[in-house]
$ cat data.pdb   # PDB, C-alpha atoms and all ligand atoms
ATOM      1  CA  MET N  25     222.964 178.380-137.278  1.00  0.00           C
ATOM      2  CA  ASN N  26     225.766 177.323-139.648  1.00  0.00           C
ATOM      3  CA  ARG N  27     225.640 178.083-143.332  1.00  0.00           C
ATOM      4  CA  ILE N  28     224.534 174.633-144.515  1.00  0.00           C
ATOM      5  CA  ALA N  29     221.768 174.505-141.931  1.00  0.00           C
ATOM      6  CA  ARG N  30     220.676 177.991-142.933  1.00  0.00           C
ATOM      7  CA  ILE N  31     220.474 177.066-146.616  1.00  0.00           C
ATOM      8  CA  ALA N  32     218.647 173.862-145.762  1.00  0.00           C
ATOM      9  CA  SER N  33     216.137 175.707-143.642  1.00  0.00           C
ATOM     10  CA  LEU N  34     215.590 178.344-146.339  1.00  0.00           C
ATOM     11  CA  ALA N  35     215.045 175.618-148.925  1.00  0.00           C
ATOM     12  CA  LEU N  36     212.596 173.893-146.607  1.00  0.00           C
ATOM     13  CA  ALA N  37     210.729 177.128-145.974  1.00  0.00           C
ATOM     14  CA  ALA N  38     210.449 177.739-149.724  1.00  0.00           C
ATOM     15  CA  ALA N  39     209.180 174.201-150.298  1.00  0.00           C
ATOM     16  CA  VAL N  40     206.578 174.546-147.561  1.00  0.00           C
ATOM     17  CA  ALA N  41     205.483 177.932-148.898  1.00  0.00           C
ATOM     18  CA  SER N  42     204.991 176.579-152.406  1.00  0.00           C
ATOM     19  CA  LEU N  43     203.109 173.532-151.111  1.00  0.00           C
ATOM     20  CA  SER N  44     200.716 175.582-149.033  1.00  0.00           C
ATOM     21  CA  LEU N  45     200.230 178.274-151.657  1.00  0.00           C
ATOM     22  CA  PRO N  46     196.454 178.292-151.918  1.00  0.00           C
ATOM     23  CA  ALA N  47     194.568 178.453-155.181  1.00  0.00           C
ATOM     24  CA  SER N  48     193.256 181.976-155.602  1.00  0.00           C
ATOM     25  CA  ALA N  49     189.593 181.005-155.033  1.00  0.00           C
ATOM     26  CA  ASP N  50     190.512 179.436-151.698  1.00  0.00           C
ATOM     27  CA  ASP N  51     192.553 182.486-150.915  1.00  0.00           C
ATOM     28  CA  ALA N  52     189.550 184.723-151.441  1.00  0.00           C
ATOM     29  CA  LYS N  53     187.431 182.510-149.193  1.00  0.00           C
ATOM     30  CA  GLN N  54     189.991 182.661-146.415  1.00  0.00           C
ATOM     31  CA  GLU N  55     190.171 186.417-146.777  1.00  0.00           C
ATOM     32  CA  ALA N  56     186.381 186.607-146.425  1.00  0.00           C
ATOM     33  CA  ILE N  57     186.498 184.512-143.244  1.00  0.00           C
ATOM     34  CA  LYS N  58     189.223 186.715-141.770  1.00  0.00           C
ATOM     35  CA  TYR N  59     187.332 189.809-142.790  1.00  0.00           C
ATOM     36  CA  ARG N  60     184.104 188.858-141.006  1.00  0.00           C
ATOM     37  CA  GLN N  61     186.004 187.708-137.906  1.00  0.00           C
ATOM     38  CA  ALA N  62     187.769 191.070-137.850  1.00  0.00           C
ATOM     39  CA  VAL N  63     184.402 192.817-138.142  1.00  0.00           C
ATOM     40  CA  PHE N  64     183.083 190.826-135.186  1.00  0.00           C
ATOM     41  CA  LYS N  65     186.197 191.755-133.223  1.00  0.00           C
ATOM     42  CA  VAL N  66     185.262 195.389-133.833  1.00  0.00           C
ATOM     43  CA  VAL N  67     181.701 194.564-132.810  1.00  0.00           C
ATOM     44  CA  GLY N  68     182.845 192.913-129.571  1.00  0.00           C
ATOM     45  CA  TRP N  69     185.391 195.613-128.816  1.00  0.00           C
ATOM     46  CA  ASN N  70     182.685 198.260-128.829  1.00  0.00           C
ATOM     47  CA  PHE N  71     179.898 196.180-127.367  1.00  0.00           C
ATOM     48  CA  LYS N  72     181.573 194.978-124.184  1.00  0.00           C
ATOM     49  CA  PRO N  73     182.376 198.376-122.588  1.00  0.00           C
ATOM     50  CA  MET N  74     178.838 199.548-123.353  1.00  0.00           C
ATOM     51  CA  GLY N  75     177.579 196.497-121.485  1.00  0.00           C
ATOM     52  CA  ALA N  76     179.717 197.403-118.491  1.00  0.00           C
ATOM     53  CA  MET N  77     178.232 200.924-118.465  1.00  0.00           C
ATOM     54  CA  VAL N  78     174.688 199.641-118.813  1.00  0.00           C
ATOM     55  CA  LYS N  79     175.239 197.285-115.872  1.00  0.00           C
ATOM     56  CA  GLY N  80     176.786 200.081-113.832  1.00  0.00           C
ATOM     57  CA  GLU N  81     180.125 198.302-113.557  1.00  0.00           C
ATOM     58  CA  THR N  82     181.845 201.338-115.043  1.00  0.00           C
ATOM     59  CA  PRO N  83     180.562 204.934-114.883  1.00  0.00           C
ATOM     60  CA  TYR N  84     178.343 206.027-117.742  1.00  0.00           C
ATOM     61  CA  ASP N  85     180.246 208.326-120.083  1.00  0.00           C
ATOM     62  CA  LYS N  86     177.841 209.798-122.601  1.00  0.00           C
ATOM     63  CA  ALA N  87     180.405 210.710-125.268  1.00  0.00           C
ATOM     64  CA  ALA N  88     182.251 207.387-125.048  1.00  0.00           C
ATOM     65  CA  PHE N  89     179.003 205.450-125.128  1.00  0.00           C
ATOM     66  CA  GLN N  90     177.841 207.384-128.172  1.00  0.00           C
ATOM     67  CA  ARG N  91     181.072 206.720-130.005  1.00  0.00           C
ATOM     68  CA  MET N  92     180.878 202.983-129.304  1.00  0.00           C
ATOM     69  CA  ALA N  93     177.196 202.810-130.238  1.00  0.00           C
ATOM     70  CA  ASP N  94     177.938 204.601-133.526  1.00  0.00           C
ATOM     71  CA  ASN N  95     180.857 202.248-134.197  1.00  0.00           C
ATOM     72  CA  LEU N  96     178.639 199.259-133.519  1.00  0.00           C
ATOM     73  CA  ALA N  97     175.877 200.539-135.790  1.00  0.00           C
ATOM     74  CA  PHE N  98     178.440 200.986-138.536  1.00  0.00           C
ATOM     75  CA  ALA N  99     180.111 197.601-137.999  1.00  0.00           C
ATOM     76  CA  SER N 100     176.729 195.843-137.999  1.00  0.00           C
ATOM     77  CA  LYS N 101     176.416 196.696-141.690  1.00  0.00           C
ATOM     78  CA  LEU N 102     179.760 195.129-142.613  1.00  0.00           C
ATOM     79  CA  ALA N 103     179.628 191.534-141.465  1.00  0.00           C
ATOM     80  CA  LEU N 104     177.163 190.050-143.944  1.00  0.00           C
ATOM     81  CA  GLU N 105     179.455 190.611-146.891  1.00  0.00           C
ATOM     82  CA  GLY N 106     182.021 188.312-145.255  1.00  0.00           C
ATOM     83  CA  PHE N 107     179.633 185.344-145.357  1.00  0.00           C
ATOM     84  CA  ALA N 108     180.161 184.715-149.050  1.00  0.00           C
ATOM     85  CA  PRO N 109     179.034 181.372-150.509  1.00  0.00           C
ATOM     86  CA  GLY N 110     181.446 178.537-149.772  1.00  0.00           C
ATOM     87  CA  THR N 111     183.185 180.272-146.862  1.00  0.00           C
ATOM     88  CA  ASP N 112     182.272 177.466-144.475  1.00  0.00           C
ATOM     89  CA  ALA N 113     184.449 175.262-142.273  1.00  0.00           C
ATOM     90  CA  LEU N 114     185.827 173.484-145.358  1.00  0.00           C
ATOM     91  CA  ALA N 115     187.332 176.765-146.547  1.00  0.00           C
ATOM     92  CA  GLY N 116     189.187 177.731-143.376  1.00  0.00           C
ATOM     93  CA  GLU N 117     189.240 178.249-139.621  1.00  0.00           C
ATOM     94  CA  THR N 118     185.748 179.388-138.751  1.00  0.00           C
ATOM     95  CA  ARG N 119     183.003 178.955-136.184  1.00  0.00           C
ATOM     96  CA  ALA N 120     180.330 179.663-138.796  1.00  0.00           C
ATOM     97  CA  LYS N 121     177.831 176.801-139.069  1.00  0.00           C
ATOM     98  CA  ASP N 122     176.745 175.335-142.409  1.00  0.00           C
ATOM     99  CA  ASP N 123     173.168 176.398-141.679  1.00  0.00           C
ATOM    100  CA  ILE N 124     174.193 179.969-142.520  1.00  0.00           C
ATOM    101  CA  TRP N 125     174.117 178.946-146.183  1.00  0.00           C
ATOM    102  CA  LYS N 126     171.369 176.332-145.873  1.00  0.00           C
ATOM    103  CA  LYS N 127     168.986 178.800-144.234  1.00  0.00           C
ATOM    104  CA  ASN N 128     170.480 181.918-145.719  1.00  0.00           C
ATOM    105  CA  ASP N 129     167.264 183.967-145.733  1.00  0.00           C
ATOM    106  CA  ASP N 130     166.833 183.438-142.014  1.00  0.00           C
ATOM    107  CA  PHE N 131     170.492 184.245-141.369  1.00  0.00           C
ATOM    108  CA  LYS N 132     170.163 187.453-143.388  1.00  0.00           C
ATOM    109  CA  SER N 133     167.055 188.445-141.484  1.00  0.00           C
ATOM    110  CA  LYS N 134     168.924 187.956-138.191  1.00  0.00           C
ATOM    111  CA  MET N 135     171.679 190.172-139.513  1.00  0.00           C
ATOM    112  CA  ALA N 136     169.076 192.784-140.494  1.00  0.00           C
ATOM    113  CA  GLU N 137     167.618 192.667-136.967  1.00  0.00           C
ATOM    114  CA  PHE N 138     171.098 193.265-135.566  1.00  0.00           C
ATOM    115  CA  GLU N 139     171.542 196.281-137.848  1.00  0.00           C
ATOM    116  CA  LYS N 140     168.172 197.682-136.855  1.00  0.00           C
ATOM    117  CA  ALA N 141     168.713 197.166-133.133  1.00  0.00           C
ATOM    118  CA  SER N 142     172.164 198.738-133.140  1.00  0.00           C
ATOM    119  CA  ALA N 143     170.904 201.731-135.140  1.00  0.00           C
ATOM    120  CA  ALA N 144     168.170 202.168-132.520  1.00  0.00           C
ATOM    121  CA  LEU N 145     170.798 201.902-129.769  1.00  0.00           C
ATOM    122  CA  ALA N 146     172.900 204.627-131.400  1.00  0.00           C
ATOM    123  CA  GLN N 147     169.750 206.748-131.604  1.00  0.00           C
ATOM    124  CA  ALA N 148     168.903 206.138-127.934  1.00  0.00           C
ATOM    125  CA  ALA N 149     172.486 207.010-126.966  1.00  0.00           C
ATOM    126  CA  GLN N 150     171.974 210.531-128.302  1.00  0.00           C
ATOM    127  CA  GLY N 151     169.394 211.199-125.611  1.00  0.00           C
ATOM    128  CA  GLY N 152     171.859 210.257-122.894  1.00  0.00           C
ATOM    129  CA  ASP N 153     169.040 208.712-120.870  1.00  0.00           C
ATOM    130  CA  MET N 154     169.930 205.337-119.361  1.00  0.00           C
ATOM    131  CA  ALA N 155     166.227 204.480-119.039  1.00  0.00           C
ATOM    132  CA  ALA N 156     166.023 204.486-122.849  1.00  0.00           C
ATOM    133  CA  ILE N 157     169.502 203.132-123.484  1.00  0.00           C
ATOM    134  CA  LYS N 158     169.118 200.047-121.315  1.00  0.00           C
ATOM    135  CA  PRO N 159     166.249 198.402-123.223  1.00  0.00           C
ATOM    136  CA  ALA N 160     167.839 199.334-126.567  1.00  0.00           C
ATOM    137  CA  PHE N 161     171.062 197.704-125.442  1.00  0.00           C
ATOM    138  CA  GLY N 162     169.142 194.632-124.265  1.00  0.00           C
ATOM    139  CA  LYS N 163     167.435 194.295-127.647  1.00  0.00           C
ATOM    140  CA  THR N 164     170.781 194.503-129.406  1.00  0.00           C
ATOM    141  CA  ALA N 165     172.281 191.872-127.100  1.00  0.00           C
ATOM    142  CA  ASP N 166     169.341 189.589-127.920  1.00  0.00           C
ATOM    143  CA  THR N 167     170.173 189.789-131.618  1.00  0.00           C
ATOM    144  CA  CYS N 168     173.770 188.657-130.908  1.00  0.00           C
ATOM    145  CA  LYS N 169     172.590 185.767-128.771  1.00  0.00           C
ATOM    146  CA  SER N 170     169.902 184.519-131.100  1.00  0.00           C
ATOM    147  CA  CYS N 171     172.233 184.475-134.077  1.00  0.00           C
ATOM    148  CA  HIS N 172     175.122 182.864-132.202  1.00  0.00           C
ATOM    149  CA  LYS N 173     172.815 180.178-130.837  1.00  0.00           C
ATOM    150  CA  ALA N 174     171.656 179.207-134.303  1.00  0.00           C
ATOM    151  CA  TYR N 175     174.681 179.908-136.453  1.00  0.00           C
ATOM    152  CA  ARG N 176     177.929 179.955-134.468  1.00  0.00           C
ATOM    153  CA  GLU N 177     179.819 176.991-133.072  1.00  0.00           C
ATOM    154  CA  ASP N 178     180.583 177.244-129.332  1.00  0.00           C
TER     155      ASP N 178
HETATM  156  C1  LIG W   1     173.376 187.291-137.864  1.00  0.00           C
HETATM  157  C2  LIG W   1     174.348 186.584-137.059  1.00  0.00           C
HETATM  158  C3  LIG W   1     175.192 187.245-136.012  1.00  0.00           C
HETATM  159  C4  LIG W   1     174.903 188.357-135.258  1.00  0.00           C
HETATM  160  C5  LIG W   1     173.657 189.211-135.275  1.00  0.00           C
HETATM  161  C6  LIG W   1     176.041 188.568-134.401  1.00  0.00           C
HETATM  162  N1  LIG W   1     176.991 187.613-134.628  1.00  0.00           N
HETATM  163 FE1  LIG W   1     178.796 187.466-133.699  1.00  0.00          FE
HETATM  164  N2  LIG W   1     179.307 185.946-134.937  1.00  0.00           N
HETATM  165  C7  LIG W   1     178.471 185.321-135.829  1.00  0.00           C
HETATM  166  C8  LIG W   1     179.166 184.241-136.480  1.00  0.00           C
HETATM  167  C9  LIG W   1     178.595 183.290-137.507  1.00  0.00           C
HETATM  168  C10 LIG W   1     180.481 184.233-135.965  1.00  0.00           C
HETATM  169  C11 LIG W   1     181.629 183.286-136.335  1.00  0.00           C
HETATM  170  C12 LIG W   1     182.429 183.906-137.488  1.00  0.00           C
HETATM  171  C13 LIG W   1     183.553 183.010-137.980  1.00  0.00           C
HETATM  172  O1  LIG W   1     184.246 182.376-137.147  1.00  0.00           O
HETATM  173  O2  LIG W   1     183.752 182.948-139.200  1.00  0.00           O
HETATM  174  C14 LIG W   1     180.518 185.331-134.989  1.00  0.00           C
HETATM  175  C15 LIG W   1     181.654 185.667-134.252  1.00  0.00           C
HETATM  176  C16 LIG W   1     181.686 186.601-133.250  1.00  0.00           C
HETATM  177  C17 LIG W   1     182.839 186.904-132.420  1.00  0.00           C
HETATM  178  C18 LIG W   1     184.207 186.221-132.524  1.00  0.00           C
HETATM  179  C19 LIG W   1     185.102 186.976-133.510  1.00  0.00           C
HETATM  180  C20 LIG W   1     186.458 186.303-133.671  1.00  0.00           C
HETATM  181  O3  LIG W   1     187.367 186.653-132.906  1.00  0.00           O
HETATM  182  O4  LIG W   1     186.590 185.408-134.525  1.00  0.00           O
HETATM  183  C21 LIG W   1     182.462 187.876-131.549  1.00  0.00           C
HETATM  184  C22 LIG W   1     183.322 188.533-130.465  1.00  0.00           C
HETATM  185  C23 LIG W   1     181.077 188.200-131.826  1.00  0.00           C
HETATM  186  N3  LIG W   1     180.632 187.417-132.873  1.00  0.00           N
HETATM  187  C24 LIG W   1     180.346 189.137-131.127  1.00  0.00           C
HETATM  188  C25 LIG W   1     179.057 189.522-131.480  1.00  0.00           C
HETATM  189  C26 LIG W   1     178.298 190.531-130.767  1.00  0.00           C
HETATM  190  C27 LIG W   1     178.765 191.244-129.505  1.00  0.00           C
HETATM  191  C28 LIG W   1     177.126 190.681-131.455  1.00  0.00           C
HETATM  192  C29 LIG W   1     175.990 191.614-131.162  1.00  0.00           C
HETATM  193  C30 LIG W   1     176.282 192.974-130.772  1.00  0.00           C
HETATM  194  C31 LIG W   1     177.148 189.740-132.563  1.00  0.00           C
HETATM  195  N4  LIG W   1     178.338 189.071-132.543  1.00  0.00           N
HETATM  196  C32 LIG W   1     176.119 189.599-133.480  1.00  0.00           C
HETATM  197  C33 LIG W   1     177.171 185.657-136.096  1.00  0.00           C
HETATM  198  C34 LIG W   1     176.510 186.781-135.596  1.00  0.00           C
END

$ encode --input "data.pdb" --output "structure tokens"
Amino acid sequence: MNRIARIASLALAAAVASLSLPASADDAKQEAIKYRQAVFKVVGWNFKPMGAMVKGETPYDKAAFQRMADNLAFASKLALEGFAPGTDALAGETRAKDDIWKKNDDFKSKMAEFEKASAALAQAAQGGDMAAIKPAFGKTADTCKSCHKAYRED
């Protein structure tokens, strides 16, 4: 790139940056959206390999399963905070449906069920008995599905 082009592109970049500089309230909303999506990435990261073990697709590893179940139980407590008021699709890139805030008590109760089920899964994992783990995993999976069905865009 020659010098003039470089200066022009720097000036353009600065102009774009100042135009898109969000007001701080919007900034906080976008941070909240990113935060909860990151939490759900942690949730999914830990959940999926447990599912593979429960289905017998990968060998059951008690210590690894326990670690993932503990991680999930911990992560389940984090997501709710990210659903702050006004952090809907108008505030940023999100699959969260408006009903989360319209029916917030129901949404919160679904989150509480998820917390409870994943705590029970972590508890069951300590026994190392697949006969107890399987139904606890199934219950946890149901809490994901029922919330996504009601409150997450496809
Ligand atoms: C109480 C509601 C609720 C529960 C319970 C729940 N989710 Fe979600 N999940 C959501 C919502 C809402 C989003 C969309 C978040 C957004 O885009 O802002 C989401 C997003 C996700 C994502 C996408 C994250 C990304 O990359 O943006 C994954 C993966 C996910 N959930 C997995 C799970 C799994 C696995 C479980 C159960 C172990 C679960 N969720 C339980 C509501 C829930």

$ residues_near_ligand --input "data.pdb" --ligand "ligand LIG 1 (chain W)" --cutoff "7 Å" --atoms "all atoms listed in the file" --output "list of chain:residue names"
N:Ile57, N:Arg60, N:Gln61, N:Ala62, N:Phe64, N:Lys65, N:Val67, N:Gly68, N:Phe71, N:Glu117, N:Thr118, N:Arg119, N:Ala120, N:Lys121, N:Phe131, N:Lys132, N:Lys134, N:Met135, N:Phe138, N:Thr164, N:Ala165, N:Thr167, N:Cys168, N:Cys171, N:His172, N:Tyr175, N:Arg176

$ resolve_selection --input "data.pdb" --expression "the PyMOL selection byres (((chain N and resi 103-112) around 6) and not hetatm)" --output "PyMOL selection string"
chain N and resi 53+56+60+63+102+113-115

$ closest_residue --input "data.pdb" --among "N:Ala49, N:Ala144, N:Ile124, N:Ala93" --to "Gly75 in chain N" --atoms "only C-alpha atoms"
N:Ala93

$ resolve_selection --input "data.pdb" --expression "the PyMOL selection byres (((chain N and resi 139) around 9) and not hetatm)" --output "number ranges by chain"
N: 96-101, 134-138, 140-144, 164

$ atom_distance --input "data.pdb" --atom1 "CA of Ser133 in chain N" --atom2 "CA of Tyr59 in chain N"
20.4 Å

$ resolve_selection --input "data.pdb" --expression "the PyMOL selection byres (((chain N and resi 86) around 12) and not hetatm)" --output "CSV table (one decimal) with C-alpha atoms, in the frame of the given file"
chain,number,residue,atom,x,y,z
N,74,MET,CA,178.8,199.5,-123.4
N,77,MET,CA,178.2,200.9,-118.5
N,78,VAL,CA,174.7,199.6,-118.8
N,83,PRO,CA,180.6,204.9,-114.9
N,84,TYR,CA,178.3,206.0,-117.7
N,85,ASP,CA,180.2,208.3,-120.1
N,87,ALA,CA,180.4,210.7,-125.3
N,88,ALA,CA,182.3,207.4,-125.0
N,89,PHE,CA,179.0,205.4,-125.1
N,90,GLN,CA,177.8,207.4,-128.2
N,91,ARG,CA,181.1,206.7,-130.0
N,92,MET,CA,180.9,203.0,-129.3
N,93,ALA,CA,177.2,202.8,-130.2
N,146,ALA,CA,172.9,204.6,-131.4
N,148,ALA,CA,168.9,206.1,-127.9
N,149,ALA,CA,172.5,207.0,-127.0
N,150,GLN,CA,172.0,210.5,-128.3
N,151,GLY,CA,169.4,211.2,-125.6
N,152,GLY,CA,171.9,210.3,-122.9
N,153,ASP,CA,169.0,208.7,-120.9
N,154,MET,CA,169.9,205.3,-119.4
N,157,ILE,CA,169.5,203.1,-123.5

$ axis_aligned_box --input "data.pdb" --around "range 50-57 of chain N" --padding-each-side "4 Å" --output "lines of an AutoDock Vina configuration file"
center_x = 189.5
center_y = 183.0
center_z = -147.5
size_x = 14.2
size_y = 15.2
size_z = 16.5

$ atom_distance --input "data.pdb" --atom1 "CA of Glu81 in chain N" --atom2 "CA of Asp166 in chain N"
20.0 Å

$ atom_distance --input "data.pdb" --atom1 "CA of Asn128 in chain N" --atom2 "CA of Asp51 in chain N"
22.7 Å

$ build_atoms --input "data.pdb" --residues "range 45-71 of chain N" --atoms "N, CA and C atoms" --output "PDB file, keeping the file's coordinate frame"
ATOM      1  N   LEU N  45     200.739 177.135-150.894  1.00  0.00           N
ATOM      2  CA  LEU N  45     200.230 178.274-151.657  1.00  0.00           C
ATOM      3  C   LEU N  45     198.805 177.957-152.113  1.00  0.00           C
ATOM      4  N   PRO N  46     197.816 178.681-151.592  1.00  0.00           N
ATOM      5  CA  PRO N  46     196.454 178.292-151.918  1.00  0.00           C
ATOM      6  C   PRO N  46     196.044 178.756-153.318  1.00  0.00           C
ATOM      7  N   ALA N  47     195.143 178.002-153.908  1.00  0.00           N
ATOM      8  CA  ALA N  47     194.568 178.453-155.181  1.00  0.00           C
ATOM      9  C   ALA N  47     193.860 179.772-154.903  1.00  0.00           C
ATOM     10  N   SER N  48     193.741 180.635-155.895  1.00  0.00           N
ATOM     11  CA  SER N  48     193.256 181.976-155.602  1.00  0.00           C
ATOM     12  C   SER N  48     191.809 182.000-155.091  1.00  0.00           C
ATOM     13  N   ALA N  49     190.974 181.042-155.536  1.00  0.00           N
ATOM     14  CA  ALA N  49     189.593 181.005-155.033  1.00  0.00           C
ATOM     15  C   ALA N  49     189.581 180.712-153.542  1.00  0.00           C
ATOM     16  N   ASP N  50     190.425 179.765-153.123  1.00  0.00           N
ATOM     17  CA  ASP N  50     190.512 179.436-151.698  1.00  0.00           C
ATOM     18  C   ASP N  50     191.030 180.618-150.917  1.00  0.00           C
ATOM     19  N   ASP N  51     191.975 181.301-151.520  1.00  0.00           N
ATOM     20  CA  ASP N  51     192.553 182.486-150.915  1.00  0.00           C
ATOM     21  C   ASP N  51     191.472 183.520-150.623  1.00  0.00           C
ATOM     22  N   ALA N  52     190.625 183.742-151.594  1.00  0.00           N
ATOM     23  CA  ALA N  52     189.550 184.723-151.441  1.00  0.00           C
ATOM     24  C   ALA N  52     188.589 184.299-150.338  1.00  0.00           C
ATOM     25  N   LYS N  53     188.331 183.000-150.244  1.00  0.00           N
ATOM     26  CA  LYS N  53     187.431 182.510-149.193  1.00  0.00           C
ATOM     27  C   LYS N  53     188.040 182.735-147.812  1.00  0.00           C
ATOM     28  N   GLN N  54     189.340 182.456-147.708  1.00  0.00           N
ATOM     29  CA  GLN N  54     189.991 182.661-146.415  1.00  0.00           C
ATOM     30  C   GLN N  54     190.034 184.136-146.040  1.00  0.00           C
ATOM     31  N   GLU N  55     190.197 184.972-147.034  1.00  0.00           N
ATOM     32  CA  GLU N  55     190.171 186.417-146.777  1.00  0.00           C
ATOM     33  C   GLU N  55     188.794 186.835-146.249  1.00  0.00           C
ATOM     34  N   ALA N  56     187.747 186.264-146.850  1.00  0.00           N
ATOM     35  CA  ALA N  56     186.381 186.607-146.425  1.00  0.00           C
ATOM     36  C   ALA N  56     186.150 186.183-144.973  1.00  0.00           C
ATOM     37  N   ILE N  57     186.646 184.993-144.629  1.00  0.00           N
ATOM     38  CA  ILE N  57     186.498 184.512-143.244  1.00  0.00           C
ATOM     39  C   ILE N  57     187.220 185.454-142.286  1.00  0.00           C
ATOM     40  N   LYS N  58     188.439 185.818-142.642  1.00  0.00           N
ATOM     41  CA  LYS N  58     189.223 186.715-141.770  1.00  0.00           C
ATOM     42  C   LYS N  58     188.551 188.080-141.662  1.00  0.00           C
ATOM     43  N   TYR N  59     188.010 188.514-142.772  1.00  0.00           N
ATOM     44  CA  TYR N  59     187.332 189.809-142.790  1.00  0.00           C
ATOM     45  C   TYR N  59     186.164 189.831-141.799  1.00  0.00           C
ATOM     46  N   ARG N  60     185.287 188.821-141.887  1.00  0.00           N
ATOM     47  CA  ARG N  60     184.104 188.858-141.006  1.00  0.00           C
ATOM     48  C   ARG N  60     184.504 188.678-139.541  1.00  0.00           C
ATOM     49  N   GLN N  61     185.550 187.877-139.290  1.00  0.00           N
ATOM     50  CA  GLN N  61     186.004 187.708-137.906  1.00  0.00           C
ATOM     51  C   GLN N  61     186.558 189.028-137.373  1.00  0.00           C
ATOM     52  N   ALA N  62     187.247 189.755-138.248  1.00  0.00           N
ATOM     53  CA  ALA N  62     187.769 191.070-137.850  1.00  0.00           C
ATOM     54  C   ALA N  62     186.613 192.026-137.557  1.00  0.00           C
ATOM     55  N   VAL N  63     185.575 191.962-138.381  1.00  0.00           N
ATOM     56  CA  VAL N  63     184.402 192.817-138.142  1.00  0.00           C
ATOM     57  C   VAL N  63     183.800 192.489-136.774  1.00  0.00           C
ATOM     58  N   PHE N  64     183.662 191.191-136.484  1.00  0.00           N
ATOM     59  CA  PHE N  64     183.083 190.826-135.186  1.00  0.00           C
ATOM     60  C   PHE N  64     184.005 191.190-134.023  1.00  0.00           C
ATOM     61  N   LYS N  65     185.297 191.269-134.278  1.00  0.00           N
ATOM     62  CA  LYS N  65     186.197 191.755-133.223  1.00  0.00           C
ATOM     63  C   LYS N  65     185.886 193.223-132.935  1.00  0.00           C
ATOM     64  N   VAL N  66     185.646 193.981-133.995  1.00  0.00           N
ATOM     65  CA  VAL N  66     185.262 195.389-133.833  1.00  0.00           C
ATOM     66  C   VAL N  66     183.928 195.475-133.075  1.00  0.00           C
ATOM     67  N   VAL N  67     183.013 194.607-133.470  1.00  0.00           N
ATOM     68  CA  VAL N  67     181.701 194.564-132.810  1.00  0.00           C
ATOM     69  C   VAL N  67     181.888 194.314-131.305  1.00  0.00           C
ATOM     70  N   GLY N  68     182.639 193.272-130.974  1.00  0.00           N
ATOM     71  CA  GLY N  68     182.845 192.913-129.571  1.00  0.00           C
ATOM     72  C   GLY N  68     183.595 193.982-128.795  1.00  0.00           C
ATOM     73  N   TRP N  69     184.563 194.559-129.442  1.00  0.00           N
ATOM     74  CA  TRP N  69     185.391 195.613-128.816  1.00  0.00           C
ATOM     75  C   TRP N  69     184.528 196.781-128.347  1.00  0.00           C
ATOM     76  N   ASN N  70     183.555 197.142-129.160  1.00  0.00           N
ATOM     77  CA  ASN N  70     182.685 198.260-128.829  1.00  0.00           C
ATOM     78  C   ASN N  70     181.524 197.856-127.927  1.00  0.00           C
ATOM     79  N   PHE N  71     181.092 196.625-128.085  1.00  0.00           N
ATOM     80  CA  PHE N  71     179.898 196.180-127.367  1.00  0.00           C
ATOM     81  C   PHE N  71     180.156 195.984-125.877  1.00  0.00           C
TER      82      PHE N  71
END
